[in-house]
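**Student:** Have a peek at entry-v1.cif (mmCIF, C-alpha atoms).
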```
data_input
#
loop_
_atom_site.label_atom_id
_atom_site.label_comp_id
_atom_site.auth_asym_id
_atom_site.auth_seq_id
_atom_site.Cartn_x
_atom_site.Cartn_y
_atom_site.Cartn_z
CA MET A 13 -118.63 16.39 65.73
CA LYS A 14 -117.04 16.85 62.34
CA ARG A 15 -114.22 14.36 62.78
CA PRO A 16 -114.78 10.98 61.09
CA VAL A 17 -113.01 9.23 63.98
CA THR A 18 -115.48 10.73 66.43
CA ARG A 19 -118.43 9.63 64.33
CA ALA A 20 -117.02 6.13 63.89
CA ALA A 21 -116.43 5.88 67.64
CA LEU A 22 -120.00 7.00 68.33
CA VAL A 23 -121.40 4.42 65.89
CA LEU A 24 -119.24 1.70 67.44
CA PHE A 25 -120.37 2.76 70.91
CA VAL A 26 -124.07 2.73 69.99
CA PHE A 27 -123.95 -0.68 68.31
CA ALA A 28 -121.83 -2.24 71.06
CA TYR A 29 -124.03 -0.70 73.77
CA THR A 30 -127.12 -2.11 72.07
CA ALA A 31 -125.60 -5.59 71.75
CA TRP A 32 -124.26 -5.59 75.30
CA SER A 33 -127.54 -4.31 76.72
CA ALA A 34 -129.60 -6.88 74.82
CA ALA A 35 -127.36 -9.73 75.99
CA SER A 36 -127.57 -8.47 79.58
CA ILE A 37 -131.35 -8.27 79.46
CA ARG A 38 -131.59 -11.76 77.96
CA SER A 39 -129.31 -13.07 80.72
CA ASN A 40 -131.48 -11.48 83.39
CA ILE A 41 -134.55 -13.10 81.86
CA GLU A 42 -132.86 -16.52 81.86
CA ILE A 43 -131.78 -16.08 85.47
CA GLY A 44 -135.38 -15.16 86.29
CA THR A 45 -136.56 -18.47 84.85
CA LEU A 46 -134.22 -20.37 87.18
CA LEU A 47 -134.51 -18.47 90.46
CA GLU A 48 -137.44 -17.49 92.64
CA PHE A 49 -138.17 -13.78 92.38
CA GLY A 50 -136.18 -11.74 94.88
CA THR A 51 -134.26 -14.70 96.27
CA ALA A 52 -131.26 -16.85 95.46
CA ALA A 53 -133.35 -20.02 95.69
CA PHE A 54 -133.87 -22.19 92.63
CA ARG A 55 -137.41 -22.67 91.39
CA SER A 56 -138.95 -26.05 92.01
CA GLY A 57 -140.41 -27.88 89.07
CA VAL A 58 -137.83 -26.79 86.51
CA THR A 59 -136.82 -29.84 84.50
CA GLU A 60 -133.18 -30.77 84.00
CA SER A 61 -133.39 -30.18 80.26
CA ALA A 62 -134.94 -26.72 80.77
CA GLU A 63 -132.26 -25.87 83.31
CA ARG A 64 -129.49 -26.98 80.96
CA ALA A 65 -131.06 -24.92 78.15
CA ALA A 66 -131.09 -21.88 80.41
CA TYR A 67 -127.40 -22.40 81.25
CA ALA A 68 -126.61 -22.73 77.54
CA ALA A 69 -128.42 -19.44 76.87
CA LEU A 70 -126.57 -17.77 79.76
CA ALA A 71 -123.24 -18.95 78.35
CA GLY A 72 -124.14 -17.66 74.88
CA ASN A 73 -125.18 -14.30 76.29
CA ALA A 74 -121.95 -14.13 78.29
CA ILE A 75 -119.94 -14.62 75.09
CA ALA A 76 -121.91 -11.84 73.40
CA ARG A 77 -121.15 -9.56 76.37
CA PHE A 78 -117.46 -10.56 76.26
CA ILE A 79 -117.33 -9.27 72.68
CA ALA A 80 -119.57 -6.21 73.01
CA TYR A 81 -118.26 -4.68 76.25
CA PRO A 82 -114.65 -4.08 75.12
CA LEU A 83 -116.00 -2.54 71.90
CA LEU A 84 -118.33 -0.37 73.98
CA LEU A 85 -115.41 0.82 76.10
CA LEU A 86 -113.24 1.45 73.04
CA GLY A 87 -115.96 3.48 71.36
CA GLY A 88 -116.59 5.45 74.56
CA ILE A 89 -112.91 6.22 75.15
CA VAL A 90 -112.28 7.30 71.57
CA PHE A 91 -115.46 9.40 71.48
CA VAL A 92 -114.67 11.24 74.72
CA ALA A 93 -111.05 11.75 73.61
CA THR A 94 -111.86 13.08 70.12
CA THR A 95 -115.16 14.92 70.49
CA GLU A 96 -115.32 18.67 70.12
CA LEU A 97 -117.87 18.84 72.95
CA SER A 98 -116.49 20.37 76.11
CA ILE A 99 -116.91 18.23 79.21
CA ARG A 100 -116.93 21.41 81.31
CA ARG A 101 -119.88 22.85 79.43
CA ASN A 102 -121.77 19.60 78.94
CA GLY A 103 -122.40 17.99 82.30
CA TRP A 104 -124.43 15.23 80.69
CA LEU A 105 -121.32 14.05 78.83
CA LEU A 106 -119.27 14.04 82.02
CA MET A 107 -121.99 12.17 83.91
CA SER A 108 -122.30 9.62 81.10
CA ALA A 109 -118.56 9.04 81.02
CA ILE A 110 -118.39 8.65 84.79
CA LEU A 111 -121.28 6.16 84.82
CA LEU A 112 -119.67 4.20 81.99
CA PHE A 113 -116.14 3.98 83.35
CA LEU A 114 -116.93 3.79 87.08
CA PHE A 115 -118.13 0.21 86.89
CA VAL A 116 -115.43 -1.27 84.66
CA PRO A 117 -113.87 -3.22 87.58
CA VAL A 118 -117.29 -4.61 88.50
CA GLU A 119 -117.88 -5.76 84.93
CA LEU A 120 -114.44 -7.35 84.72
CA TYR A 121 -115.11 -9.30 87.92
CA CYS A 122 -118.49 -10.41 86.56
CA PHE A 123 -116.83 -11.48 83.31
CA TRP A 124 -114.47 -13.62 85.35
CA LEU A 125 -117.47 -15.27 87.04
CA ASP A 126 -119.28 -15.67 83.72
CA TRP A 127 -116.20 -17.30 82.23
CA LYS A 128 -116.65 -20.21 84.65
CA LEU A 129 -120.21 -20.67 83.42
CA VAL A 130 -119.00 -20.61 79.82
CA GLY A 131 -116.29 -23.14 80.67
CA LEU A 132 -118.79 -25.45 82.32
CA GLN A 133 -121.06 -25.24 79.30
CA TYR A 134 -118.53 -25.78 76.53
CA TRP A 135 -115.67 -27.77 78.08
CA GLY A 136 -116.79 -31.03 79.56
CA SER A 137 -119.91 -32.68 80.81
CA TRP A 138 -120.54 -31.16 84.21
CA PRO A 139 -123.30 -31.95 86.71
CA LEU A 140 -126.04 -29.40 87.27
CA GLU A 141 -124.75 -28.73 90.79
CA GLU A 142 -121.61 -27.08 89.34
CA PHE A 143 -123.75 -24.84 87.12
CA ARG A 144 -125.88 -23.91 90.12
CA LYS A 145 -122.82 -22.98 92.17
CA ALA A 146 -121.46 -20.85 89.32
CA LEU A 147 -124.82 -19.13 88.82
CA LEU A 148 -125.24 -18.37 92.51
CA ALA A 149 -121.71 -16.97 92.64
CA ARG A 150 -122.60 -14.69 89.72
CA VAL A 151 -125.96 -13.58 91.09
CA THR A 152 -124.71 -12.86 94.61
CA ALA A 153 -121.45 -11.27 93.45
CA LEU A 154 -120.46 -8.03 95.15
CA ALA A 155 -123.74 -7.78 97.07
CA GLY A 156 -125.82 -6.45 94.20
CA LEU A 157 -123.29 -3.98 92.78
CA PRO A 158 -123.61 -5.46 89.24
CA PHE A 159 -127.34 -4.66 89.33
CA ILE A 160 -126.60 -1.07 90.38
CA ALA A 161 -124.08 -0.89 87.53
CA GLN A 162 -126.75 -2.01 85.06
CA LEU A 163 -129.12 0.67 86.32
CA CYS A 164 -126.38 3.27 85.82
CA TYR A 165 -125.71 1.98 82.30
CA TYR A 166 -129.43 2.27 81.50
CA THR A 167 -129.33 5.89 82.71
CA ILE A 168 -126.79 6.90 80.05
CA PRO A 169 -129.27 7.03 77.11
CA PHE A 170 -131.55 9.31 79.14
CA LEU A 171 -128.65 11.62 79.93
CA VAL A 172 -127.71 11.77 76.25
CA LEU A 173 -131.31 12.31 75.19
CA PHE A 174 -132.28 15.03 77.69
CA ARG A 175 -128.79 16.54 78.18
CA PRO A 176 -129.10 17.96 81.70
CA LEU A 177 -126.44 20.14 83.32
CA ARG A 178 -125.55 22.17 80.27
CA THR A 179 -124.17 25.65 80.75
CA PRO A 180 -126.43 28.47 79.55
CA ALA A 181 -124.07 29.10 76.60
CA GLU A 182 -124.68 25.54 75.32
CA ARG A 183 -128.48 25.74 75.51
#
```
Please express the file's structure as structure tokens.
**Tutor:**
Amino acid sequence: MKRPVTRAALVLFVFAYTAWSAASIRSNIEIGTLLEFGTAAFRSGVTESAERAAYAALAGNAIARFIAYPLLLLGGIVFVATTELSIRRNGWLLMSAILLFLFVPVELYCFWLDWKLVGLQYWGSWPLEEFRKALLARVTALAGLPFIAQLCYYTIPFLVLFRPLRTPAER
């Protein structure tokens, strides 16, 4: 990894991955404050102001993800394209790239759903029922595939750290 472009891409990827991951975790925590655990039912006893604050936080986290995810993809593409590591000899790199790029369509669809939540938050004074509809659409989107995508994304650091599936020549 002697090329400066490869190093810059790796740094961009790591920072964007960290920002995207943190925003995703914060969004999941906010969703957890609004919904009953394991269901798509809203918690009783949540005040209107607390609910609006949670939607504002979700919209802010969505904007952070809108910025970080394209940078994450750019860093990943440039790193894989310019690295001196062989994908054939380093199975961990291939697995990481597959996990990263496999769920791009899922993320784009979720961004489209998140954009509605951002629009409700920043453009107009909308009733809470519209926010609830947008949140339920986001949470139930693609029958849980976004959650599976997040689990795959959280697997990538472990693959990079432990580097399984290397050929004996690379060990």
**Student:** Nearest residue to Val130 (chain A) out of A:Gly57, A:Gly72, A:Pro158, A:Gly103, using only C-alpha atoms?
**Tutor:**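 Checking each candidate against Val130 (chain A), we get A:Gly72 as the closest.
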**Student:** Measuring atom to atom with only C-alpha atoms, identify which of A:Thr152, A:Ser137, A:Asn73, A:Ser108 is nearest to Leu171 (chain A).
**Tutor:**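 That would be A:Ser108, the residue with the smallest distance to Leu171 (chain A).
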**Student:** Taking all atoms listed in the file into account, produce a table as a Markdown table in which each residue of region 46-111 of chain A with an atom at most 10 Å from an atom of region 147-151 of chain A appears once, together with its shortest atom pair and the distance in Å to one decimal, ordered by chain and rising number.
**Tutor:**
```
| residue | atom | partner | partner_atom | distance |
| --- | --- | --- | --- | --- |
| A:Leu46 | CA | A:Leu147 | CA | 9.6 |
| A:Leu47 | CA | A:Leu148 | CA | 9.5 |
| A:Thr51 | CA | A:Val151 | CA | 9.8 |
| A:Ala52 | CA | A:Leu148 | CA | 6.9 |
| A:Ala53 | CA | A:Leu148 | CA | 8.9 |
| A:Phe54 | CA | A:Leu148 | CA | 9.4 |
| A:Tyr67 | CA | A:Leu147 | CA | 8.6 |
| A:Leu70 | CA | A:Leu147 | CA | 9.3 |
```
**Student:** Applied to the shown file, which residues does the PyMOL selection byres ((chain A and resi 100) around 12) return, written as a list in words?
**Tutor:**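 Going through the file, the PyMOL selection byres ((chain A and resi 100) around 12) ends up selecting Glu96, Leu97, Ser98, Ile99, Arg101, Asn102, Gly103, Trp104, Leu105, Leu106, Met107, Leu177, Arg178, Thr179, Pro180, Ala181 and Glu182 of chain A.
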**Student:** Convert the output of the PyMOL selection byres ((chain A and resi 127) around 12) on the shown file into explicit residues, formatted as a ChimeraX atom specification.
**Tutor:** /A:70-78,119-126,128-135,143,146-147,149-150
**Student:** Please write the residues from the selection above to a file, keeping C-alpha atoms, as an mmCIF file, in the coordinates of the input.
**Tutor:**
```cif
data_model
loop_
_atom_site.group_PDB
_atom_site.id
_atom_site.type_symbol
_atom_site.label_atom_id
_atom_site.label_comp_id
_atom_site.auth_asym_id
_atom_site.auth_seq_id
_atom_site.Cartn_x
_atom_site.Cartn_y
_atom_site.Cartn_z
ATOM 1 C CA LEU A 70 -126.570 -17.770 79.760
ATOM 2 C CA ALA A 71 -123.240 -18.950 78.350
ATOM 3 C CA GLY A 72 -124.140 -17.660 74.880
ATOM 4 C CA ASN A 73 -125.180 -14.300 76.290
ATOM 5 C CA ALA A 74 -121.950 -14.130 78.290
ATOM 6 C CA ILE A 75 -119.940 -14.620 75.090
ATOM 7 C CA ALA A 76 -121.910 -11.840 73.400
ATOM 8 C CA ARG A 77 -121.150 -9.560 76.370
ATOM 9 C CA PHE A 78 -117.460 -10.560 76.260
ATOM 10 C CA GLU A 119 -117.880 -5.760 84.930
ATOM 11 C CA LEU A 120 -114.440 -7.350 84.720
ATOM 12 C CA TYR A 121 -115.110 -9.300 87.920
ATOM 13 C CA CYS A 122 -118.490 -10.410 86.560
ATOM 14 C CA PHE A 123 -116.830 -11.480 83.310
ATOM 15 C CA TRP A 124 -114.470 -13.620 85.350
ATOM 16 C CA LEU A 125 -117.470 -15.270 87.040
ATOM 17 C CA ASP A 126 -119.280 -15.670 83.720
ATOM 18 C CA LYS A 128 -116.650 -20.210 84.650
ATOM 19 C CA LEU A 129 -120.210 -20.670 83.420
ATOM 20 C CA VAL A 130 -119.000 -20.610 79.820
ATOM 21 C CA GLY A 131 -116.290 -23.140 80.670
ATOM 22 C CA LEU A 132 -118.790 -25.450 82.320
ATOM 23 C CA GLN A 133 -121.060 -25.240 79.300
ATOM 24 C CA TYR A 134 -118.530 -25.780 76.530
ATOM 25 C CA TRP A 135 -115.670 -27.770 78.080
ATOM 26 C CA PHE A 143 -123.750 -24.840 87.120
ATOM 27 C CA ALA A 146 -121.460 -20.850 89.320
ATOM 28 C CA LEU A 147 -124.820 -19.130 88.820
ATOM 29 C CA ALA A 149 -121.710 -16.970 92.640
ATOM 30 C CA ARG A 150 -122.600 -14.690 89.720
#
```
**Student:** Would you mind listing what lies within 12 Å of Leu163 (chain A) as a ChimeraX atom specification, with all atoms listed in the file counted and same-chain residues fewer than 2 positions away left out?
**Tutor:** /A:33,36-37,111-112,115,156-161,165-170
**Student:** One number please: CA of Arg144 (chain A) to CA of Thr59 (chain A), in Å, one decimal.
**Tutor:**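 Separation between CA of Arg144 (chain A) and CA of Thr59 (chain A): 13.7 Å.
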**Student:** What's the separation between CA of Gly44 (chain A) and CA of Trp138 (chain A), in Å to one decimal place?
**Tutor:** 21.9 Å
**Student:** Rounded to one decimal place, report the CA of Arg19 (chain A)-CA of Val90 (chain A) distance in Å.
**Tutor:** 9.8 Å
**Student:** Ranking A:Ala35, A:Ala109, A:Leu83, A:Ile89 by minimum distance to Thr18 (chain A) and counting only C-alpha atoms, which one comes first?
**Tutor:**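 Of the candidates, the smallest distance to Thr18 (chain A) is held by A:Ile89.
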**Student:** Expanded to explicit residues, what is the PyMOL selection byres ((chain A and resi 28) around 9) for this file, as a PyMOL selection string?
**Tutor:** chain A and resi 23-27+29-33+79-85+87
**Student:** First collect every listed atom of region 113-128 of chain A; then fit an axis-aligned box around them, widen it by 5 Å on each side, and give centre and edge lengths in Å to one decimal, as lines of an AutoDock Vina configuration file.
**Tutor:**
```
center_x = -116.6
center_y = -8.1
center_z = 85.4
size_x = 15.4
size_y = 34.2
size_z = 16.3
```
